[in-house]
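input-v4.cif, holding mmCIF, C-alpha atoms:
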data_upload
#
loop_
_atom_site.label_atom_id
_atom_site.label_comp_id
_atom_site.auth_asym_id
_atom_site.auth_seq_id
_atom_site.Cartn_x
_atom_site.Cartn_y
_atom_site.Cartn_z
CA MET T 1 -21.62 38.28 -16.25
CA LYS T 2 -19.54 38.90 -13.13
CA ALA T 3 -16.19 40.57 -13.80
CA LEU T 4 -13.10 38.77 -12.56
CA LYS T 5 -12.04 40.09 -9.17
CA ASN T 6 -8.35 40.03 -10.05
CA PRO T 7 -7.35 39.59 -13.72
CA VAL T 8 -3.66 39.70 -12.80
CA ALA T 9 -4.13 36.79 -10.39
CA LEU T 10 -5.94 34.77 -13.06
CA ALA T 11 -3.16 35.47 -15.55
CA THR T 12 -0.70 34.15 -12.98
CA LEU T 13 -2.78 30.99 -12.67
CA LEU T 14 -2.64 30.50 -16.43
CA VAL T 15 1.14 30.69 -16.33
CA LEU T 16 1.19 28.20 -13.44
CA GLN T 17 -0.93 25.74 -15.39
CA ALA T 18 1.19 26.10 -18.51
CA CYS T 19 4.36 25.41 -16.53
CA SER T 20 2.78 22.35 -14.96
CA SER T 21 2.03 20.57 -18.22
CA GLN T 22 4.15 17.58 -19.20
CA PRO T 23 6.76 18.15 -21.94
CA PRO T 24 6.32 16.12 -25.14
CA GLN T 25 8.32 12.93 -25.50
CA SER T 26 11.50 13.05 -27.55
CA GLY T 27 10.74 12.75 -31.25
CA ALA T 28 7.03 13.48 -30.79
CA GLU T 29 5.47 16.10 -32.99
CA THR T 30 4.50 19.15 -30.95
CA PRO T 31 1.05 20.46 -31.95
CA THR T 32 0.80 24.18 -32.62
CA SER T 33 -1.78 25.93 -30.46
CA PRO T 34 -2.59 29.62 -29.99
CA PRO T 35 -1.27 31.22 -26.79
CA ALA T 36 -3.69 31.47 -23.86
CA SER T 37 -5.42 34.83 -23.73
CA LEU T 38 -7.96 36.32 -21.34
CA ASP T 39 -9.64 37.88 -24.38
CA LYS T 40 -10.19 34.43 -25.91
CA PRO T 41 -11.46 32.01 -23.22
CA GLU T 42 -11.54 29.15 -25.73
CA THR T 43 -7.71 29.23 -25.85
CA ILE T 44 -7.44 28.47 -22.13
CA GLN T 45 -7.01 24.70 -21.85
CA PRO T 46 -6.99 23.08 -18.39
CA GLN T 47 -3.65 21.51 -17.45
CA THR T 48 -3.61 18.78 -14.83
CA PHE T 49 -1.01 19.10 -12.10
CA MET T 50 -0.46 18.40 -8.40
CA LEU T 51 -1.09 21.09 -5.82
CA ARG T 52 0.37 20.81 -2.29
CA GLY T 53 -0.52 22.84 0.77
CA LYS T 54 -2.66 23.33 3.85
CA VAL T 55 -6.21 22.12 3.34
CA ILE T 56 -9.46 22.96 5.13
CA ILE T 57 -12.50 20.77 4.39
CA GLY T 58 -15.90 21.09 6.04
CA HIS T 59 -19.58 20.94 5.17
CA GLU T 60 -19.71 24.52 3.85
CA SER T 61 -16.11 25.35 3.02
CA GLN T 62 -13.29 23.48 1.34
CA TYR T 63 -10.12 25.14 0.14
CA ILE T 64 -6.34 24.84 -0.14
CA MET T 65 -3.56 27.33 0.64
CA PRO T 66 -0.77 26.22 -1.74
CA CYS T 67 2.78 25.88 -0.47
CA GLY T 68 4.72 29.11 -0.93
CA SER T 69 1.64 31.16 -1.78
CA ASP T 70 -0.78 33.46 0.04
CA LYS T 71 -3.63 32.51 -2.33
CA GLN T 72 -6.64 30.42 -1.39
CA TYR T 73 -8.26 28.13 -3.96
CA TRP T 74 -11.69 26.60 -3.58
CA LEU T 75 -11.54 22.81 -3.88
CA GLN T 76 -14.18 21.25 -6.10
CA LEU T 77 -14.48 17.78 -4.54
CA SER T 78 -16.83 14.85 -5.01
CA PRO T 79 -19.28 14.04 -2.17
CA GLN T 80 -17.24 10.91 -1.39
CA GLN T 81 -13.99 12.87 -1.18
CA ILE T 82 -15.59 15.41 1.16
CA GLN T 83 -17.06 12.71 3.40
CA ARG T 84 -13.80 10.78 3.69
CA ALA T 85 -11.80 13.94 4.36
CA ILE T 86 -14.12 15.18 7.10
CA LYS T 87 -13.80 11.84 8.91
CA LEU T 88 -10.05 12.40 9.28
CA GLY T 89 -10.43 15.42 11.54
CA ASN T 90 -11.01 15.45 15.28
CA GLU T 91 -12.67 18.85 15.10
CA PRO T 92 -14.64 20.84 12.48
CA TYR T 93 -12.55 22.50 9.77
CA GLN T 94 -9.30 21.07 11.08
CA THR T 95 -6.19 22.12 9.16
CA MET T 96 -4.66 19.27 7.15
CA TYR T 97 -1.78 18.80 4.74
CA GLY T 98 -2.90 17.73 1.30
CA GLU T 99 -1.71 16.79 -2.17
CA VAL T 100 -4.43 16.99 -4.81
CA ILE T 101 -4.31 16.47 -8.57
CA GLY T 102 -6.54 18.44 -10.91
CA HIS T 103 -6.82 21.71 -12.80
CA LEU T 104 -7.67 25.36 -12.22
CA ASN T 105 -10.81 27.19 -13.27
CA PRO T 106 -11.80 30.83 -12.71
CA PRO T 107 -13.73 31.43 -9.46
CA GLY T 108 -17.49 30.97 -9.46
CA ILE T 109 -19.80 33.92 -10.01
CA ASP T 110 -21.79 33.20 -6.85
CA GLY T 111 -21.83 30.89 -3.85
CA PHE T 112 -18.96 30.08 -1.50
CA SER T 113 -16.40 29.60 -4.28
CA ALA T 114 -16.88 33.17 -5.55
CA ASP T 115 -14.83 34.52 -2.63
CA PHE T 116 -11.68 32.59 -3.59
CA ASP T 117 -8.85 33.35 -6.02
CA ALA T 118 -9.65 30.34 -8.23
CA ASN T 119 -11.50 27.05 -8.33
CA PHE T 120 -9.32 23.91 -8.29
CA VAL T 121 -11.18 20.93 -9.77
CA VAL T 122 -9.88 17.86 -7.91
CA GLU T 123 -9.54 14.81 -10.13
CA GLN T 124 -7.68 12.76 -7.52
CA VAL T 125 -6.72 13.06 -3.86
CA ASN T 126 -3.11 11.86 -3.71
CA PHE T 127 -2.56 12.35 0.03
CA LEU T 128 -4.41 13.98 2.91
CA THR T 129 -3.46 13.91 6.59
CA THR T 130 -4.17 15.65 9.89
CA GLU T 131 -0.75 14.61 11.21
CA ASN T 132 1.60 17.59 11.02
CA PRO T 133 -0.04 19.88 8.44
CA ASN T 134 3.16 21.96 8.19
CA ARG T 135 4.84 19.79 5.54
CA CYS T 136 5.43 22.28 2.75
CA SER T 137 9.16 22.46 3.53
CA GLN T 138 9.48 18.69 3.19
CA PRO T 139 10.25 17.17 -0.25
CA GLN T 140 7.65 14.96 -1.91
CA LYS T 141 8.18 11.33 -1.03
CA PRO T 142 8.77 8.68 -3.72
CA THR T 143 6.07 6.10 -4.47
CA ARG T 144 5.62 3.67 -1.61
CA VAL T 145 2.96 1.08 -0.77
CA PHE T 146 2.31 -0.38 2.65
CA GLY T 147 -0.22 -2.16 4.83
CA ASN T 148 -0.99 -3.49 8.28
CA GLU T 149 -2.10 -6.86 9.67
CA PRO T 150 0.53 -7.99 8.80
CA SER T 151 2.80 -4.96 8.70
CA TRP T 152 4.54 -4.65 5.31
CA ALA T 153 5.95 -2.01 2.97
CA ALA T 154 7.39 -1.88 -0.53
CA SER T 155 9.24 0.80 -2.48
CA PHE T 156 10.79 1.02 -5.93
CA GLU T 157 14.55 0.76 -6.42
CA ALA T 158 15.85 0.66 -9.99
CA ASN T 159 14.03 -2.28 -11.67
CA ALA T 160 13.03 -4.00 -8.46
CA LEU T 161 10.59 -3.80 -5.59
CA LYS T 162 12.11 -3.52 -2.13
CA PHE T 163 9.79 -5.59 0.07
CA GLN T 164 9.95 -5.35 3.86
CA GLN T 165 8.05 -7.16 6.60
CA MET T 166 8.39 -6.52 10.29
CA GLY T 167 10.86 -8.96 11.83
CA LYS T 168 11.91 -10.44 8.47
CA THR T 169 14.80 -9.96 6.07
CA THR T 170 14.31 -7.35 3.35
CA GLU T 171 13.75 -8.85 -0.12
CA MET T 172 14.51 -7.37 -3.53
CA LEU T 173 11.86 -8.54 -6.00
CA PRO T 174 12.83 -8.00 -9.67
CA ILE T 175 10.13 -6.35 -11.79
CA GLN T 176 9.74 -8.39 -14.97
CA SER T 177 7.30 -6.05 -16.72
CA SER T 178 4.85 -3.27 -16.00
CA GLN T 179 1.56 -2.02 -17.38
CA LEU T 180 0.80 1.61 -16.54
CA GLN T 181 -2.67 3.03 -17.12
CA PRO T 182 -4.18 6.30 -15.85
CA ARG T 183 -6.22 4.55 -13.13
CA GLN T 184 -4.22 1.37 -12.59
CA ARG T 185 -0.59 0.26 -12.44
CA THR T 186 0.49 -3.38 -12.56
CA TYR T 187 4.02 -4.63 -11.93
CA ARG T 188 4.76 -8.29 -12.75
CA LEU T 189 7.12 -10.12 -10.41
CA ASP T 190 8.73 -13.58 -10.63
CA ASP T 191 6.08 -15.12 -8.39
CA GLY T 192 3.27 -12.58 -8.33
CA GLU T 193 2.47 -8.93 -8.94
CA LEU T 194 1.88 -5.53 -7.39
CA ARG T 195 -1.32 -3.85 -8.50
CA MET T 196 -2.14 -0.25 -7.63
CA THR T 197 -5.67 0.98 -8.34
CA GLU T 198 -6.77 4.59 -8.03
CA ASN T 199 -9.20 4.64 -5.11
CA LEU T 200 -9.39 6.39 -1.76
CA CYS T 201 -7.60 4.28 0.85
CA SER T 202 -7.39 4.79 4.62
CA ASP T 203 -4.42 3.87 6.77
CA THR T 204 -5.80 2.15 9.87
CA MET T 205 -2.77 3.21 11.93
CA SER T 206 -2.91 6.96 11.23
CA ASP T 207 -5.31 9.79 10.38
CA SER T 208 -4.37 9.83 6.70
CA LEU T 209 -6.06 9.29 3.36
CA TYR T 210 -4.25 8.00 0.26
CA GLY T 211 -5.14 8.00 -3.42
CA TRP T 212 -4.26 4.39 -4.29
CA LYS T 213 -5.22 0.92 -3.09
CA ALA T 214 -2.44 -1.64 -3.34
CA THR T 215 -2.52 -5.43 -3.64
CA LEU T 216 0.75 -7.33 -3.54
CA LYS T 217 0.89 -11.04 -4.38
CA HIS T 218 4.17 -12.67 -3.42
CA ASP T 219 5.33 -16.11 -2.31
CA GLY T 220 1.77 -17.46 -2.17
CA ASN T 221 0.53 -14.63 0.05
CA THR T 222 -1.67 -11.59 -0.67
CA TYR T 223 -1.01 -8.26 1.05
CA GLN T 224 -3.51 -5.39 1.05
CA GLY T 225 -2.63 -1.76 1.66
CA CYS T 226 -2.45 1.82 0.44
CA GLY T 227 -0.06 3.86 -1.64
#
What would the structure in this file look like if it were written as structure tokens?
Amino acid sequence: MKALKNPVALATLLVLQACSSQPPQSGAETPTSPPASLDKPETIQPQTFMLRGKVIIGHESQYIMPCGSDKQYWLQLSPQQIQRAIKLGNEPYQTMYGEVIGHLNPPGIDGFSADFDANFVVEQVNFLTTENPNRCSQPQKPTRVFGNEPSWAASFEANALKFQQMGKTTEMLPIQSSQLQPRQRTYRLDDGELRMTENLCSDTMSDSLYGWKATLKHDGNTYQGCG
């Protein structure tokens, strides 16, 4: 079995994953689990979190350089994710900015991934763009959905949806109820709904890829877009 190239680096990754886990809800019973240890691999449980940084994706290499770090993590992507990402670039292995959700694994024992600090298993691509890859200094943007033909956008404000169309007055649409599932979010409105479904979605007006498809039904009209 191949020895780990850098046990200290892997220990750092374990701390990163532990810090990225969601805290239990108030009043919930916290299960007791043994601390993660390199001597006991079974105690290392993958924690899902978002990783931001510069991304390189090509036919033989795909990795991310996380914001504020000099590490490089191999990205374990699906064939569809790789294909869609490659189409964004105007040249091979073009640097992009990316936000990916998943968990860390130790590096592979052979192949391309063996040369990296860790393997990041991508469960969802949240955002990927070739436009200005130097975005690490910018704060993460709040949830927003939008589309073209016609041009529209919607964002969340308190218990309402702020709906905007080009050349029209901004509307505040009260959210009556919501149903949030891991792969789908539905927000009920007075006269329709906003439904967000986890799926790769391309913006036709920019070289960007988003992790959600959005369908907004309002005032007898249906608007399609990304989020």
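Of the listed residues (T:Trp212, T:Tyr223, T:Phe112, T:Tyr73), T:Phe112 comes nearest to T:His59; the distances count all atoms listed in the file.
Distance check against T:Asn90 using all atoms listed in the file: of T:Cys201, T:Glu131, T:Met50, T:Leu209, the minimum falls on T:Glu131.
Straight-line separation from atom CA of T:Arg135 to atom CA of T:Gly98: 9.1 Å.
Considering all atoms listed in the file, the residue among T:Trp152, T:Tyr187, T:Ser113, T:Ile101 positioned nearest to T:Thr170 is T:Trp152.
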- Message: List the spatial neighbours of T:Arg195 as an MDAnalysis selection string - criterion: any atom at most 6 Å away, only C-alpha atoms, same-chain residues fewer than 6 positions off excluded.
- Response: chainID T and resid 185:186 214:215
- Which value, in Å to one decimal, gives the distance between atom CA of T:Lys141 and atom CA of T:Gln176? 24.2 Å
